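File shown: entry-v4.txt (compact mmCIF, C-alpha atoms).
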```
# COMPACT_ATOMS: atom_id res chain seq x y z
CA MET A 1 0.00 0.00 0.00
CA ARG A 2 2.85 2.40 0.82
CA LYS A 3 4.34 1.67 -2.60
CA ILE A 4 1.09 2.66 -4.30
CA TYR A 5 0.97 5.93 -2.34
CA PHE A 6 4.58 6.63 -3.26
CA ILE A 7 3.93 6.04 -6.98
CA TYR A 8 0.85 8.27 -6.76
CA PHE A 9 2.92 10.97 -5.08
CA LEU A 10 5.54 10.81 -7.86
CA PHE A 11 2.79 11.00 -10.48
CA MET A 12 1.30 14.11 -8.87
CA LEU A 13 4.74 15.70 -8.51
CA ASN A 14 5.49 15.03 -12.16
CA GLY A 15 2.15 16.59 -13.08
CA LEU A 16 2.96 19.74 -11.11
CA PHE A 17 6.35 20.08 -12.83
CA ALA A 18 4.68 19.61 -16.22
CA GLN A 19 2.12 22.30 -15.37
CA LYS A 20 4.86 24.73 -14.35
CA LYS A 21 6.82 23.96 -17.52
CA ASP A 22 3.76 24.62 -19.71
CA LYS A 23 2.97 27.81 -17.81
CA LEU A 24 6.49 29.10 -18.39
CA TYR A 25 6.31 28.57 -22.17
CA PRO A 26 5.13 32.15 -22.94
CA ILE A 27 7.90 33.53 -20.69
CA THR A 28 10.50 31.40 -22.47
CA ALA A 29 9.17 32.68 -25.79
CA TYR A 30 9.14 36.26 -24.45
CA GLU A 31 12.83 35.98 -23.56
CA LYS A 32 13.56 34.68 -27.07
CA VAL A 33 11.71 37.73 -28.39
CA TRP A 34 14.21 40.02 -26.66
CA GLN A 35 17.15 37.97 -27.92
CA GLU A 36 16.00 38.06 -31.56
CA LYS A 37 17.57 40.94 -33.51
CA ASN A 38 15.71 40.39 -36.81
CA SER A 39 12.61 42.60 -36.60
CA ASP A 40 10.38 40.51 -38.91
CA VAL A 41 11.27 37.21 -37.25
CA ARG A 42 10.77 38.80 -33.84
CA LEU A 43 7.32 40.15 -34.71
CA LYS A 44 6.09 36.67 -35.70
CA LEU A 45 7.36 35.30 -32.39
CA ILE A 46 5.73 38.15 -30.46
CA LYS A 47 2.35 37.46 -32.09
CA SER A 48 2.51 33.82 -30.91
CA ILE A 49 2.39 34.90 -27.23
CA TRP A 50 1.16 38.51 -27.31
CA LEU A 51 -2.38 39.79 -27.72
CA GLU A 52 -3.36 43.11 -29.26
CA ASP A 53 -4.47 44.27 -25.81
CA SER A 54 -1.37 42.90 -24.05
CA THR A 55 0.64 45.67 -22.41
CA PHE A 56 4.28 46.36 -21.61
CA GLU A 57 5.39 48.97 -19.09
CA ASP A 58 8.81 50.01 -17.84
CA PRO A 59 10.46 53.36 -17.03
CA SER A 60 11.05 54.01 -20.74
CA ALA A 61 7.78 52.90 -22.34
CA SER A 62 4.08 52.17 -21.84
CA ILE A 63 2.61 50.41 -24.86
CA LYS A 64 -0.09 48.02 -26.04
CA GLY A 65 -0.05 45.48 -28.86
CA SER A 66 2.49 43.35 -30.71
CA VAL A 67 3.73 45.95 -33.21
CA ALA A 68 4.32 48.48 -30.43
CA LEU A 69 6.35 45.94 -28.43
CA ASN A 70 8.41 45.13 -31.51
CA ASN A 71 9.11 48.85 -32.00
CA VAL A 72 10.29 49.18 -28.38
CA ILE A 73 12.77 46.34 -28.92
CA ASN A 74 13.90 47.82 -32.25
CA GLU A 75 14.68 51.10 -30.49
CA PHE A 76 16.53 49.20 -27.77
CA TYR A 77 18.83 47.55 -30.30
CA LYS A 78 19.48 50.87 -32.00
CA LYS A 79 20.95 52.08 -28.72
CA TYR A 80 22.61 48.79 -27.74
CA PRO A 81 23.30 46.83 -30.96
CA ASP A 82 25.65 44.36 -29.25
CA ALA A 83 23.51 43.80 -26.14
CA VAL A 84 23.33 40.35 -24.56
CA LEU A 85 20.35 39.58 -22.31
CA THR A 86 20.45 37.01 -19.52
CA SER A 87 17.82 36.12 -16.93
CA GLY A 88 17.56 34.27 -13.65
CA ALA A 89 15.25 31.65 -12.23
CA LYS A 90 11.50 32.14 -12.51
CA VAL A 91 9.16 32.34 -9.55
CA VAL A 92 5.63 31.20 -10.44
CA LYS A 93 2.47 31.83 -8.46
CA ASP A 94 -0.92 31.21 -10.02
CA ASN A 95 -0.82 33.12 -13.34
CA TYR A 96 2.02 35.41 -12.29
CA VAL A 97 5.73 34.97 -13.00
CA THR A 98 8.66 37.11 -11.86
CA TRP A 99 12.39 36.93 -12.58
CA ASP A 100 15.59 38.99 -12.53
CA TRP A 101 17.49 39.95 -15.70
CA LYS A 102 20.70 41.60 -16.79
CA ILE A 103 21.89 43.29 -19.98
CA LEU A 104 25.58 43.17 -20.88
CA ASP A 105 27.34 44.91 -23.75
CA GLY A 106 29.74 43.27 -26.21
CA THR A 107 32.60 43.51 -23.71
CA SER A 108 30.51 41.85 -20.95
CA LYS A 109 30.14 45.17 -19.14
CA LEU A 110 26.88 45.52 -17.21
CA VAL A 111 24.56 47.99 -18.94
CA MET A 112 21.50 47.60 -16.71
CA SER A 113 19.60 45.07 -14.66
CA GLY A 114 16.15 44.73 -13.19
CA ARG A 115 13.15 42.53 -12.49
CA ASP A 116 10.09 41.75 -14.62
CA PHE A 117 6.61 40.75 -13.48
CA ALA A 118 4.37 38.95 -15.98
CA ARG A 119 0.67 38.16 -15.86
CA LEU A 120 -0.35 35.22 -18.05
CA ASN A 121 -3.82 34.50 -19.40
CA GLY A 122 -3.61 30.74 -18.80
CA LYS A 123 -3.79 30.05 -22.55
CA GLY A 124 -0.10 30.31 -23.38
CA GLN A 125 -0.08 34.07 -23.83
CA VAL A 126 1.18 37.11 -21.92
CA SER A 127 -1.39 39.65 -20.74
CA LYS A 128 0.96 42.13 -19.13
CA ILE A 129 4.65 42.74 -18.44
CA ILE A 130 5.84 45.29 -15.89
CA GLY A 131 9.58 45.94 -15.82
CA PHE A 132 11.53 47.52 -12.96
CA TRP A 133 15.08 48.81 -13.35
CA ASP A 134 17.89 48.67 -10.84
CA ARG A 135 18.74 52.37 -10.71
CA GLU A 136 22.25 51.63 -9.47
CA VAL A 137 23.25 50.15 -12.81
CA THR A 138 21.00 51.97 -15.26
CA PRO A 139 22.79 54.59 -17.36
CA SER A 140 23.74 57.76 -15.50
CA ASP A 141 22.70 61.17 -16.80
CA SER A 142 26.14 61.55 -18.38
CA ASP A 143 25.81 58.14 -20.06
CA ILE A 144 22.36 59.04 -21.37
CA LEU A 145 23.70 62.30 -22.80
CA LYS A 146 26.61 60.43 -24.36
CA ASN A 147 24.18 58.00 -26.00
CA ILE A 148 22.13 60.92 -27.34
CA GLU A 149 25.31 62.55 -28.62
CA THR A 150 26.37 59.34 -30.39
CA GLU A 151 22.96 58.97 -32.04
CA ASN A 152 22.95 62.63 -33.09
CA TYR A 153 26.40 62.25 -34.63
CA LYS A 154 25.14 59.28 -36.65
CA VAL A 155 22.17 61.26 -37.95
CA VAL A 156 24.29 64.25 -38.97
CA ALA A 157 26.97 62.03 -40.53
CA LYS A 158 24.29 60.26 -42.58
CA TYR A 159 22.87 63.60 -43.69
CA TYR A 160 26.34 64.78 -44.75
CA GLU A 161 26.90 61.55 -46.69
CA CYS A 162 23.51 61.80 -48.45
CA LEU A 163 24.02 65.44 -49.46
CA PHE A 164 27.66 65.57 -50.47
CA LYS A 165 28.54 62.01 -51.48
CA THR A 166 25.65 59.76 -52.50
CA ARG A 167 23.09 62.47 -53.37
CA ASP A 168 20.51 60.11 -51.87
CA PHE A 169 17.62 62.44 -51.12
CA ASP A 170 15.20 59.60 -50.33
CA SER A 171 17.38 58.47 -47.44
CA MET A 172 18.02 62.07 -46.41
CA ALA A 173 14.29 62.79 -46.18
CA LYS A 174 13.96 60.15 -43.44
CA LEU A 175 16.40 62.14 -41.29
CA ILE A 176 14.46 65.41 -41.47
CA GLU A 177 11.60 66.31 -39.13
CA GLU A 178 8.43 67.62 -40.77
CA GLY A 179 8.56 71.40 -40.94
CA ALA A 180 12.32 71.53 -40.31
CA VAL A 181 13.94 74.91 -41.03
CA TYR A 182 17.08 75.55 -43.11
CA ASN A 183 18.65 79.02 -42.92
CA GLN A 184 21.08 80.17 -45.62
CA ALA A 185 22.72 83.61 -45.55
CA THR A 186 20.51 86.07 -47.40
CA GLY A 187 23.52 87.46 -49.29
CA LEU A 188 23.91 84.23 -51.25
CA PRO A 189 22.08 83.71 -54.57
CA TYR A 190 20.22 80.79 -52.97
CA GLY A 191 19.94 82.42 -49.54
CA GLY A 192 16.85 82.58 -47.37
CA THR A 193 14.79 80.50 -44.95
CA TYR A 194 13.41 77.18 -46.20
CA VAL A 195 10.73 75.30 -44.28
CA GLY A 196 10.14 71.59 -44.91
CA PHE A 197 12.26 69.13 -46.84
CA ALA A 198 10.53 69.84 -50.17
CA GLU A 199 11.73 73.45 -49.93
CA TRP A 200 15.20 72.27 -48.91
CA THR A 201 15.52 70.26 -52.10
CA LYS A 202 14.63 73.35 -54.15
CA MET A 203 17.39 75.24 -52.38
CA PHE A 204 19.89 72.44 -53.03
CA ALA A 205 18.93 72.39 -56.72
CA LYS A 206 19.25 76.18 -56.99
CA SER A 207 22.73 76.13 -55.42
CA THR A 208 23.96 73.73 -58.14
CA GLU A 209 23.18 76.41 -60.74
CA PHE A 210 26.08 78.46 -59.37
CA PHE A 211 28.88 76.04 -58.50
CA ASP A 212 30.27 72.52 -58.46
CA LEU A 213 32.07 71.36 -55.35
CA GLN A 214 34.46 68.80 -53.98
CA ILE A 215 35.11 68.04 -50.33
CA GLU A 216 38.54 69.38 -49.46
CA LYS A 217 38.46 68.60 -45.75
CA GLU A 218 36.10 66.11 -44.06
CA PRO A 219 34.00 67.35 -41.13
CA THR A 220 35.09 67.76 -37.55
CA TYR A 221 32.15 67.19 -35.18
CA PHE A 222 31.25 69.15 -32.04
CA SER A 223 28.24 68.59 -29.83
CA ASP A 224 26.16 69.75 -26.89
CA ALA A 225 23.92 66.77 -26.20
CA SER A 226 22.00 68.65 -23.48
CA LYS A 227 20.79 71.02 -26.19
CA ASN A 228 20.48 68.33 -28.89
CA GLU A 229 22.88 70.31 -31.03
CA VAL A 230 25.66 69.17 -33.37
CA ILE A 231 28.10 71.47 -35.16
CA ILE A 232 30.30 70.36 -38.04
CA TYR A 233 33.24 72.20 -39.54
CA PHE A 234 34.48 71.23 -43.01
CA THR A 235 35.99 72.74 -46.16
CA ILE A 236 34.78 72.57 -49.74
CA ASN A 237 36.50 73.56 -52.96
CA CYS A 238 34.07 75.27 -55.31
CA LYS A 239 34.20 75.92 -59.02
CA ALA A 240 31.95 78.84 -60.03
CA LYS A 241 29.93 78.00 -63.14
CA LYS A 242 29.85 81.61 -64.35
CA SER A 243 33.57 82.39 -64.11
CA GLY A 244 35.20 78.96 -63.94
CA LYS A 245 37.22 80.16 -60.94
CA ASN A 246 37.97 78.02 -57.90
CA LEU A 247 37.67 78.94 -54.24
CA SER A 248 38.35 77.03 -51.03
CA VAL A 249 35.49 77.68 -48.58
CA PRO A 250 35.48 76.72 -44.86
CA ILE A 251 31.91 76.09 -43.67
CA SER A 252 30.29 75.53 -40.29
CA GLU A 253 26.81 74.01 -40.09
CA HIS A 254 24.77 74.03 -36.89
CA PHE A 255 22.18 71.24 -36.50
CA ASP A 256 19.30 71.10 -34.05
CA LEU A 257 17.88 67.62 -33.46
CA LYS A 258 14.96 66.05 -31.64
CA ASN A 259 14.19 62.36 -31.18
CA GLY A 260 16.80 61.36 -33.73
CA LYS A 261 15.70 63.76 -36.49
CA ILE A 262 17.04 67.08 -37.74
CA THR A 263 14.77 70.01 -36.94
CA ALA A 264 16.92 72.92 -38.12
CA ILE A 265 20.19 73.74 -39.91
CA ARG A 266 22.01 77.05 -40.10
CA ALA A 267 25.02 77.34 -42.40
CA PHE A 268 27.91 79.77 -41.77
CA TYR A 269 30.57 80.59 -44.36
CA PHE A 270 34.03 81.85 -43.44
CA ASP A 271 33.47 84.96 -45.59
CA THR A 272 29.90 85.07 -46.87
CA LYS A 273 30.41 88.28 -48.82
CA GLN A 274 33.48 86.92 -50.62
CA PHE A 275 31.69 83.67 -51.41
CA ALA A 276 28.62 85.50 -52.78
CA GLU A 277 30.79 87.68 -55.01
CA PHE A 278 32.70 84.61 -56.17
CA LEU A 279 29.47 82.87 -57.23
CA LYS A 280 28.16 85.94 -59.08
CA SER A 281 31.42 86.91 -60.79
CA LYS A 282 31.77 86.43 -64.54
CA LYS A 283 34.75 85.57 -66.74
```

Whole structure, structure tokens version:
Amino acid sequence: MRKIYFIYFLFMLNGLFAQKKDKLYPITAYEKVWQEKNSDVRLKLIKSIWLEDSTFEDPSASIKGSVALNNVINEFYKKYPDAVLTSGAKVVKDNYVTWDWKILDGTSKLVMSGRDFARLNGKGQVSKIIGFWDREVTPSDSDILKNIETENYKVVAKYYECLFKTRDFDSMAKLIEEGAVYNQATGLPYGGTYVGFAEWTKMFAKSTEFFDLQIEKEPTYFSDASKNEVIIYFTINCKAKKSGKNLSVPISEHFDLKNGKITAIRAFYFDTKQFAEFLKSKK
């Protein structure tokens, strides 16, 4: 009789372990979601465990739905492209699961850590995730500003490449905020204030009527991340189309940015009057 009770006990214990394993499936899939860097593959995985009214909340985001969660993770990998996520043991109670996690960079340096709480719907899907960060290891204000500065540099560098090297205005348009303002010195033949990217392209086209250029000195970058400002200093060599003369022109361009897009540019020429006269001069 004792043997029968013992076998029954093992059967029940095995059943409890199986239940826990099945309950943890959506959490296992959720962790795979965060480890997947391909956006399309990740979205399919998200949809297998995430409902359109499922929510995710942490100090950086409060969203609902599978596409929104995928966008949060996309933004995360833009900031931390080499991130490696690890997590600890899961604690399960009813339809709730909690666990600790860590994020390391490519050199195994701790980026941040925290704890997640998940509510499951009992049907293999996640209803809600709430994430808490360990403030002692989350990025400091200086680190956050440095990350912003790095992202701003990338945006401005891409703009510079699109304008002066590839002439890829489709890619450039994605970098420009709607209603962004470009200020050119009024003394130039293409001077004035241009609002919106469509007007910018007209200004670019008009400038090509007066000169051809080559980059003589690549940009040096300066930044004030607290103001979302980037300044570049570079030199171009221009050939005036009217006179055929050449002139080396140092230029400084000041960029204002917001949320990873350019909102304003102001160009400064070393000697605007000399440059204007050079463009208008005839043979």

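Minimum atom-to-atom distance to A:Asp94, evaluated using only C-alpha atoms, belongs to A:Lys23 out of A:Lys78, A:Lys23, A:Lys146, A:His254.
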
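Atom pair atom CA of A:Gly260 / atom CA of A:Val155: separated by 6.8 Å.
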
Env of A:Thr86: 8 Å cut, atoms = all atoms listed in the file, seq-sep filter 6 positions within chain, self excluded. Answer as a VMD selection string.
chain A and resid 101 to 103

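Among the candidates A:Gln35, A:Ser108, A:Ser66, A:Thr193, the residue lying nearest to A:Leu85 is A:Gln35 (atoms considered: all atoms listed in the file).
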
Of A:Ala61, A:Val91, A:Leu24, A:Leu45, the one nearest to A:Gly122 when counting all atoms listed in the file is A:Leu24

Contact residues around A:Thr28 with all atoms listed in the file at 12 Å, ignoring same-chain residues under 5 positions, as a PyMOL selection string:
chain A and resi 20-23+33-35+45-46+48-49+86-90+97+99+118+124-126

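Among the candidates A:Lys280, A:Lys273, A:Lys44, A:Lys245, the residue lying nearest to A:Ser207 is A:Lys280 (atoms considered: all atoms listed in the file).
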